[in-house]
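Undergrad: Below is the file model06.cif, with mmCIF, N, CA and C atoms.
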```cif
data_my_file
#
loop_
_atom_site.label_atom_id
_atom_site.label_comp_id
_atom_site.auth_asym_id
_atom_site.auth_seq_id
_atom_site.Cartn_x
_atom_site.Cartn_y
_atom_site.Cartn_z
N MET A 1 1.85 -16.08 -5.50
CA MET A 1 2.13 -16.33 -4.10
C MET A 1 0.84 -16.76 -3.41
N GLU A 2 0.91 -17.77 -2.61
CA GLU A 2 -0.26 -18.25 -1.87
C GLU A 2 -0.39 -17.51 -0.56
N HIS A 3 -1.64 -17.27 -0.17
CA HIS A 3 -1.90 -16.59 1.09
C HIS A 3 -2.79 -17.47 1.93
N GLN A 4 -2.50 -17.51 3.22
CA GLN A 4 -3.31 -18.31 4.12
C GLN A 4 -4.37 -17.41 4.74
N GLY A 5 -5.57 -17.43 4.19
CA GLY A 5 -6.66 -16.61 4.71
C GLY A 5 -6.51 -15.16 4.33
N LYS A 6 -7.52 -14.42 4.66
CA LYS A 6 -7.53 -12.99 4.36
C LYS A 6 -7.06 -12.21 5.57
N ALA A 7 -6.72 -10.97 5.33
CA ALA A 7 -6.19 -10.15 6.40
C ALA A 7 -6.83 -8.77 6.38
N SER A 8 -6.83 -8.15 7.54
CA SER A 8 -7.27 -6.78 7.69
C SER A 8 -6.06 -5.99 8.17
N VAL A 9 -5.74 -4.90 7.49
CA VAL A 9 -4.55 -4.13 7.84
C VAL A 9 -4.88 -2.65 7.99
N THR A 10 -3.99 -1.95 8.66
CA THR A 10 -4.07 -0.50 8.77
C THR A 10 -2.90 0.07 7.99
N PHE A 11 -3.19 1.07 7.16
CA PHE A 11 -2.14 1.72 6.38
C PHE A 11 -2.19 3.21 6.68
N ASP A 12 -1.09 3.73 7.22
CA ASP A 12 -1.01 5.14 7.59
C ASP A 12 -0.46 5.93 6.39
N TYR A 13 -1.38 6.54 5.65
CA TYR A 13 -1.01 7.29 4.44
C TYR A 13 -0.18 8.53 4.80
N THR A 14 -0.42 9.11 5.95
CA THR A 14 0.34 10.27 6.40
C THR A 14 1.82 9.89 6.58
N THR A 15 2.05 8.78 7.25
CA THR A 15 3.42 8.30 7.46
C THR A 15 4.06 7.95 6.13
N PHE A 16 3.28 7.33 5.23
CA PHE A 16 3.81 7.00 3.91
C PHE A 16 4.31 8.25 3.19
N LEU A 17 3.50 9.32 3.20
CA LEU A 17 3.89 10.54 2.50
C LEU A 17 5.20 11.09 3.04
N GLY A 18 5.36 11.08 4.36
CA GLY A 18 6.60 11.55 4.96
C GLY A 18 7.78 10.64 4.65
N ALA A 19 7.55 9.34 4.73
CA ALA A 19 8.63 8.37 4.48
C ALA A 19 9.04 8.37 3.02
N ASN A 20 8.08 8.55 2.12
CA ASN A 20 8.37 8.53 0.69
C ASN A 20 9.22 9.72 0.29
N CYS A 21 8.98 10.86 0.90
CA CYS A 21 9.74 12.07 0.57
C CYS A 21 11.19 11.98 1.03
N SER A 22 11.45 11.22 2.08
CA SER A 22 12.81 11.13 2.61
C SER A 22 13.43 9.75 2.39
N LYS A 23 12.87 8.98 1.45
CA LYS A 23 13.33 7.60 1.23
C LYS A 23 14.77 7.57 0.73
N LYS A 24 15.54 6.72 1.33
CA LYS A 24 16.91 6.46 0.90
C LYS A 24 17.00 4.99 0.49
N TRP A 25 17.89 4.69 -0.42
CA TRP A 25 18.06 3.33 -0.87
C TRP A 25 18.61 2.46 0.25
N THR A 26 18.11 1.23 0.30
CA THR A 26 18.65 0.26 1.24
C THR A 26 19.76 -0.52 0.54
N PHE A 27 20.54 -1.24 1.31
CA PHE A 27 21.58 -2.08 0.75
C PHE A 27 20.98 -3.09 -0.23
N LEU A 28 19.84 -3.69 0.17
CA LEU A 28 19.19 -4.68 -0.69
C LEU A 28 18.76 -4.08 -2.02
N GLU A 29 18.20 -2.88 -2.00
CA GLU A 29 17.78 -2.24 -3.25
C GLU A 29 18.98 -1.95 -4.14
N ALA A 30 20.06 -1.48 -3.56
CA ALA A 30 21.27 -1.21 -4.33
C ALA A 30 21.83 -2.49 -4.94
N MET A 31 21.90 -3.55 -4.15
CA MET A 31 22.41 -4.83 -4.65
C MET A 31 21.50 -5.41 -5.73
N SER A 32 20.21 -5.20 -5.59
CA SER A 32 19.26 -5.75 -6.55
C SER A 32 19.41 -5.12 -7.93
N THR A 33 19.87 -3.88 -7.98
CA THR A 33 20.07 -3.26 -9.29
C THR A 33 21.30 -3.83 -9.98
N VAL A 34 22.30 -4.23 -9.19
CA VAL A 34 23.53 -4.81 -9.74
C VAL A 34 23.34 -6.29 -10.04
N ALA A 35 22.77 -7.02 -9.11
CA ALA A 35 22.56 -8.46 -9.25
C ALA A 35 21.13 -8.79 -8.85
N PRO A 36 20.19 -8.72 -9.79
CA PRO A 36 18.77 -8.92 -9.45
C PRO A 36 18.47 -10.23 -8.73
N ILE A 37 19.20 -11.29 -9.01
CA ILE A 37 18.95 -12.57 -8.37
C ILE A 37 19.18 -12.49 -6.87
N PHE A 38 20.13 -11.67 -6.44
CA PHE A 38 20.40 -11.48 -5.02
C PHE A 38 19.16 -10.95 -4.32
N GLY A 39 18.54 -9.92 -4.90
CA GLY A 39 17.34 -9.34 -4.31
C GLY A 39 16.18 -10.30 -4.30
N LEU A 40 16.03 -11.07 -5.37
CA LEU A 40 14.92 -12.02 -5.46
C LEU A 40 15.02 -13.10 -4.40
N ALA A 41 16.20 -13.67 -4.25
CA ALA A 41 16.39 -14.73 -3.25
C ALA A 41 16.17 -14.19 -1.83
N TRP A 42 16.68 -13.01 -1.56
CA TRP A 42 16.52 -12.40 -0.23
C TRP A 42 15.06 -12.09 0.04
N LYS A 43 14.38 -11.48 -0.92
CA LYS A 43 12.98 -11.10 -0.73
C LYS A 43 12.09 -12.33 -0.53
N ASN A 44 12.36 -13.40 -1.25
CA ASN A 44 11.55 -14.61 -1.09
C ASN A 44 11.69 -15.19 0.31
N SER A 45 12.90 -15.17 0.85
CA SER A 45 13.08 -15.72 2.20
C SER A 45 12.46 -14.80 3.25
N ILE A 46 12.53 -13.51 3.08
CA ILE A 46 11.95 -12.56 4.02
C ILE A 46 10.42 -12.58 3.93
N GLN A 47 9.89 -12.71 2.72
CA GLN A 47 8.45 -12.67 2.50
C GLN A 47 7.71 -13.79 3.23
N GLU A 48 8.38 -14.91 3.42
CA GLU A 48 7.75 -16.03 4.09
C GLU A 48 7.45 -15.75 5.55
N VAL A 49 8.21 -14.86 6.18
CA VAL A 49 8.01 -14.58 7.60
C VAL A 49 7.38 -13.20 7.87
N SER A 50 7.20 -12.38 6.84
CA SER A 50 6.63 -11.05 7.07
C SER A 50 5.11 -11.11 7.04
N THR A 51 4.49 -10.12 7.67
CA THR A 51 3.03 -10.04 7.71
C THR A 51 2.50 -9.38 6.44
N ALA A 52 1.21 -9.55 6.21
CA ALA A 52 0.57 -8.92 5.05
C ALA A 52 0.73 -7.40 5.13
N GLU A 53 0.63 -6.86 6.33
CA GLU A 53 0.77 -5.41 6.51
C GLU A 53 2.19 -4.95 6.15
N ASP A 54 3.19 -5.70 6.56
CA ASP A 54 4.58 -5.37 6.23
C ASP A 54 4.82 -5.45 4.73
N ARG A 55 4.30 -6.51 4.10
CA ARG A 55 4.47 -6.67 2.66
C ARG A 55 3.78 -5.54 1.90
N LEU A 56 2.59 -5.15 2.37
CA LEU A 56 1.86 -4.06 1.72
C LEU A 56 2.67 -2.76 1.84
N TRP A 57 3.21 -2.50 3.01
CA TRP A 57 4.02 -1.30 3.21
C TRP A 57 5.23 -1.30 2.27
N ASP A 58 5.93 -2.43 2.20
CA ASP A 58 7.10 -2.52 1.33
C ASP A 58 6.73 -2.28 -0.13
N GLN A 59 5.64 -2.89 -0.58
CA GLN A 59 5.20 -2.70 -1.96
C GLN A 59 4.76 -1.25 -2.20
N ALA A 60 4.11 -0.66 -1.22
CA ALA A 60 3.67 0.73 -1.35
C ALA A 60 4.87 1.66 -1.50
N MET A 61 5.91 1.42 -0.73
CA MET A 61 7.10 2.27 -0.81
C MET A 61 7.75 2.20 -2.19
N LYS A 62 7.56 1.09 -2.88
CA LYS A 62 8.13 0.93 -4.21
C LYS A 62 7.20 1.42 -5.31
N SER A 63 5.89 1.38 -5.07
CA SER A 63 4.92 1.62 -6.14
C SER A 63 4.20 2.96 -6.07
N LEU A 64 4.07 3.51 -4.88
CA LEU A 64 3.36 4.78 -4.73
C LEU A 64 4.36 5.93 -4.73
N SER A 65 3.86 7.12 -5.01
CA SER A 65 4.74 8.28 -5.05
C SER A 65 4.01 9.50 -4.51
N ALA A 66 4.71 10.29 -3.72
CA ALA A 66 4.12 11.52 -3.17
C ALA A 66 3.83 12.51 -4.28
N SER A 67 4.43 12.34 -5.45
CA SER A 67 4.18 13.26 -6.55
C SER A 67 2.94 12.88 -7.37
N ARG A 68 2.38 11.71 -7.12
CA ARG A 68 1.14 11.29 -7.79
C ARG A 68 -0.06 11.74 -6.98
N SER A 69 -1.22 11.75 -7.61
CA SER A 69 -2.44 12.14 -6.90
C SER A 69 -2.81 11.10 -5.86
N ASP A 70 -3.56 11.54 -4.86
CA ASP A 70 -4.04 10.61 -3.84
C ASP A 70 -4.86 9.50 -4.48
N GLU A 71 -5.72 9.86 -5.43
CA GLU A 71 -6.56 8.86 -6.08
C GLU A 71 -5.73 7.79 -6.76
N ALA A 72 -4.69 8.20 -7.50
CA ALA A 72 -3.83 7.24 -8.19
C ALA A 72 -3.10 6.35 -7.19
N ASN A 73 -2.59 6.96 -6.12
CA ASN A 73 -1.89 6.18 -5.10
C ASN A 73 -2.82 5.19 -4.41
N LEU A 74 -4.02 5.63 -4.06
CA LEU A 74 -4.95 4.74 -3.35
C LEU A 74 -5.45 3.63 -4.26
N LEU A 75 -5.63 3.90 -5.54
CA LEU A 75 -6.01 2.85 -6.49
C LEU A 75 -4.90 1.79 -6.56
N THR A 76 -3.67 2.23 -6.64
CA THR A 76 -2.53 1.30 -6.66
C THR A 76 -2.45 0.53 -5.35
N LEU A 77 -2.67 1.21 -4.23
CA LEU A 77 -2.63 0.56 -2.92
C LEU A 77 -3.67 -0.56 -2.83
N VAL A 78 -4.87 -0.31 -3.33
CA VAL A 78 -5.93 -1.33 -3.30
C VAL A 78 -5.52 -2.53 -4.15
N LYS A 79 -4.95 -2.28 -5.31
CA LYS A 79 -4.49 -3.38 -6.16
C LYS A 79 -3.39 -4.19 -5.48
N LEU A 80 -2.48 -3.51 -4.82
CA LEU A 80 -1.41 -4.20 -4.08
C LEU A 80 -2.00 -5.04 -2.95
N ALA A 81 -2.99 -4.49 -2.25
CA ALA A 81 -3.63 -5.21 -1.15
C ALA A 81 -4.32 -6.47 -1.66
N GLU A 82 -4.98 -6.37 -2.80
CA GLU A 82 -5.63 -7.55 -3.38
C GLU A 82 -4.60 -8.64 -3.68
N CYS A 83 -3.45 -8.25 -4.20
CA CYS A 83 -2.39 -9.22 -4.51
C CYS A 83 -1.84 -9.88 -3.25
N GLU A 84 -1.89 -9.18 -2.14
CA GLU A 84 -1.39 -9.71 -0.87
C GLU A 84 -2.45 -10.50 -0.11
N GLY A 85 -3.66 -10.60 -0.66
CA GLY A 85 -4.70 -11.36 0.01
C GLY A 85 -5.37 -10.60 1.14
N ILE A 86 -5.27 -9.29 1.10
CA ILE A 86 -5.88 -8.45 2.14
C ILE A 86 -7.32 -8.16 1.74
N ASP A 87 -8.25 -8.31 2.69
CA ASP A 87 -9.64 -8.05 2.34
C ASP A 87 -10.19 -6.78 2.98
N GLU A 88 -9.43 -6.13 3.85
CA GLU A 88 -9.88 -4.87 4.43
C GLU A 88 -8.68 -4.01 4.79
N ILE A 89 -8.75 -2.74 4.38
CA ILE A 89 -7.70 -1.77 4.69
C ILE A 89 -8.34 -0.62 5.45
N THR A 90 -7.77 -0.27 6.57
CA THR A 90 -8.16 0.96 7.25
C THR A 90 -7.07 1.98 6.94
N LEU A 91 -7.44 3.01 6.19
CA LEU A 91 -6.49 4.05 5.80
C LEU A 91 -6.55 5.18 6.81
N LEU A 92 -5.41 5.55 7.34
CA LEU A 92 -5.30 6.72 8.19
C LEU A 92 -4.82 7.86 7.30
N MET A 93 -5.68 8.84 7.09
CA MET A 93 -5.40 9.92 6.15
C MET A 93 -5.02 11.20 6.90
N PRO A 94 -4.22 12.06 6.25
CA PRO A 94 -3.89 13.34 6.88
C PRO A 94 -5.04 14.35 6.77
N TYR A 95 -6.04 14.03 5.95
CA TYR A 95 -7.18 14.91 5.70
C TYR A 95 -8.30 14.08 5.11
N GLU A 96 -9.48 14.64 5.09
CA GLU A 96 -10.63 13.94 4.51
C GLU A 96 -10.58 14.02 2.99
N LEU A 97 -10.93 12.93 2.34
CA LEU A 97 -11.07 12.96 0.89
C LEU A 97 -12.46 13.51 0.56
N GLU A 98 -12.57 14.16 -0.57
CA GLU A 98 -13.86 14.68 -1.01
C GLU A 98 -14.72 13.52 -1.50
N LEU A 99 -16.03 13.73 -1.48
CA LEU A 99 -16.96 12.69 -1.93
C LEU A 99 -16.70 12.29 -3.37
N THR A 100 -16.32 13.22 -4.23
CA THR A 100 -16.03 12.88 -5.63
C THR A 100 -14.81 11.96 -5.72
N GLN A 101 -13.83 12.18 -4.85
CA GLN A 101 -12.66 11.31 -4.84
C GLN A 101 -13.04 9.90 -4.38
N LEU A 102 -13.86 9.82 -3.34
CA LEU A 102 -14.31 8.51 -2.84
C LEU A 102 -15.15 7.79 -3.89
N ASP A 103 -16.03 8.51 -4.56
CA ASP A 103 -16.86 7.90 -5.61
C ASP A 103 -15.99 7.38 -6.75
N TRP A 104 -14.98 8.14 -7.15
CA TRP A 104 -14.07 7.72 -8.22
C TRP A 104 -13.36 6.43 -7.81
N LEU A 105 -12.89 6.41 -6.57
CA LEU A 105 -12.17 5.23 -6.07
C LEU A 105 -13.09 4.01 -6.01
N ARG A 106 -14.32 4.21 -5.58
CA ARG A 106 -15.29 3.10 -5.56
C ARG A 106 -15.51 2.55 -6.96
N GLU A 107 -15.65 3.46 -7.91
CA GLU A 107 -15.90 3.04 -9.30
C GLU A 107 -14.72 2.25 -9.87
N LYS A 108 -13.52 2.69 -9.59
CA LYS A 108 -12.33 2.04 -10.15
C LYS A 108 -11.98 0.73 -9.46
N THR A 109 -12.28 0.62 -8.16
CA THR A 109 -11.87 -0.57 -7.41
C THR A 109 -13.00 -1.58 -7.20
N HIS A 110 -14.24 -1.13 -7.35
CA HIS A 110 -15.42 -1.97 -7.05
C HIS A 110 -15.40 -2.45 -5.61
N ALA A 111 -14.80 -1.65 -4.74
CA ALA A 111 -14.71 -1.99 -3.32
C ALA A 111 -15.74 -1.18 -2.53
N ASP A 112 -16.05 -1.67 -1.35
CA ASP A 112 -16.92 -0.96 -0.42
C ASP A 112 -16.03 0.01 0.36
N ILE A 113 -16.24 1.31 0.14
CA ILE A 113 -15.38 2.33 0.73
C ILE A 113 -16.24 3.23 1.60
N ALA A 114 -15.88 3.31 2.88
CA ALA A 114 -16.67 4.11 3.81
C ALA A 114 -15.74 5.00 4.64
N PRO A 115 -16.01 6.31 4.61
CA PRO A 115 -15.23 7.18 5.50
C PRO A 115 -15.62 6.94 6.95
N SER A 116 -14.66 7.06 7.83
CA SER A 116 -14.88 6.89 9.27
C SER A 116 -14.47 8.18 9.96
N PRO A 117 -14.77 8.27 11.24
CA PRO A 117 -14.34 9.46 11.97
C PRO A 117 -12.81 9.58 12.01
N GLN A 118 -12.35 10.77 12.28
CA GLN A 118 -10.93 11.03 12.46
C GLN A 118 -10.10 10.75 11.20
N ASP A 119 -10.61 11.15 10.05
CA ASP A 119 -9.88 11.04 8.78
C ASP A 119 -9.41 9.62 8.48
N GLN A 120 -10.28 8.66 8.72
CA GLN A 120 -10.00 7.28 8.35
C GLN A 120 -10.96 6.85 7.26
N ILE A 121 -10.49 5.92 6.43
CA ILE A 121 -11.31 5.35 5.38
C ILE A 121 -11.18 3.83 5.50
N VAL A 122 -12.30 3.14 5.51
CA VAL A 122 -12.27 1.68 5.56
C VAL A 122 -12.63 1.17 4.16
N ILE A 123 -11.75 0.36 3.60
CA ILE A 123 -11.94 -0.21 2.27
C ILE A 123 -12.07 -1.71 2.42
N LYS A 124 -13.23 -2.24 2.01
CA LYS A 124 -13.45 -3.69 2.05
C LYS A 124 -13.41 -4.20 0.62
N LEU A 125 -12.46 -5.10 0.38
CA LEU A 125 -12.26 -5.66 -0.97
C LEU A 125 -13.12 -6.88 -1.19
#
```
Turn the structure described in the file into structure tokens.
TA:
Amino acid sequence: MEHQGKASVTFDYTTFLGANCSKKWTFLEAMSTVAPIFGLAWKNSIQEVSTAEDRLWDQAMKSLSASRSDEANLLTLVKLAECEGIDEITLLMPYELELTQLDWLREKTHADIAPSPQDQIVIKL
């Protein structure tokens, strides 16, 4: 998929954790399991008008899990952001990550990761 320029997005990890725990299938997801081509055609038409932030959120809801570690989820989130052409993510976290967690994430992503005030993390890809 081609992207026009890079984007900076905000991802609320707290909201994700709550939404992921109560996620219900949408009509599109149900139809996609029965007739995958239906989902593909619909997603392609929607993707053309959605923002990078919306696409990242949609991909996160499909790829991340509240039952996985924060490190694993954030590593996946960074990979999804790279695929969407996003060059900066501001993560709103429910709590501060430990320095060892941030160091691990830096090592795995090769990104510039800086904690900010108020439980935010800025990741520059």
Undergrad: For atom N of A:Leu105 and atom CA of A:Leu64, quote the distance in Å rounded to one decimal.
TA: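 For atom N of A:Leu105 relative to atom CA of A:Leu64, the distance reads 16.4 Å.
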Undergrad: Can you work out the spacing between atom CA of A:Lys108 and atom N of A:Ser50 in Å, to one decimal?
TA: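 Separating atom CA of A:Lys108 from atom N of A:Ser50 is a distance of 29.6 Å.
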Undergrad: I need the output of the PyMOL selection byres ((chain A and resi 120) around 6.5) for this file as number ranges by chain; which residues are they?
TA: A: 90-93, 114-119, 121-122
Undergrad: Take atom C of A:Thr10 and atom C of A:Ala60 and report the distance between them in Å, one decimal.
TA: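 According to the coordinates, atom C of A:Thr10 and atom C of A:Ala60 are separated by 12.4 Å.
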Undergrad: Near A:Ala52, within 8 Å and counting all atoms listed in the file, which residues show up once chain neighbours fewer than 3 positions away are dropped, as a VMD selection string?
TA: chain A and resid 7 to 9 49 55 to 58 81 84 to 86
Undergrad: Applying 7 Å and only N, CA and C atoms, which residues near A:Leu125 remain after dropping the ones on its own chain fewer than 3 positions away? List them as number ranges by chain.
TA: A: 86-89, 110-112
Undergrad: Going by DSSP on the backbone, which bits of stretch 69-120 of chain A are strand (DSSP E)? Write them as an MDAnalysis selection string, please.
TA: chainID A and resid 86:92 112:116 120
Undergrad: In terms of the shortest atom-to-atom distance over only N, CA and C atoms, which of A:Gln101, A:Asp54, A:Phe16, A:Leu80 is closest to A:Ala66?
TA: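 Using only N, CA and C atoms, the shortest distance to A:Ala66 belongs to A:Phe16.
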Undergrad: Which is closer to A:Gln59 than all the others in A:Leu102, A:Ala72, A:Leu17, A:Leu77, using only C-alpha atoms?
TA: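 The answer is A:Leu77, which sits nearest to A:Gln59.
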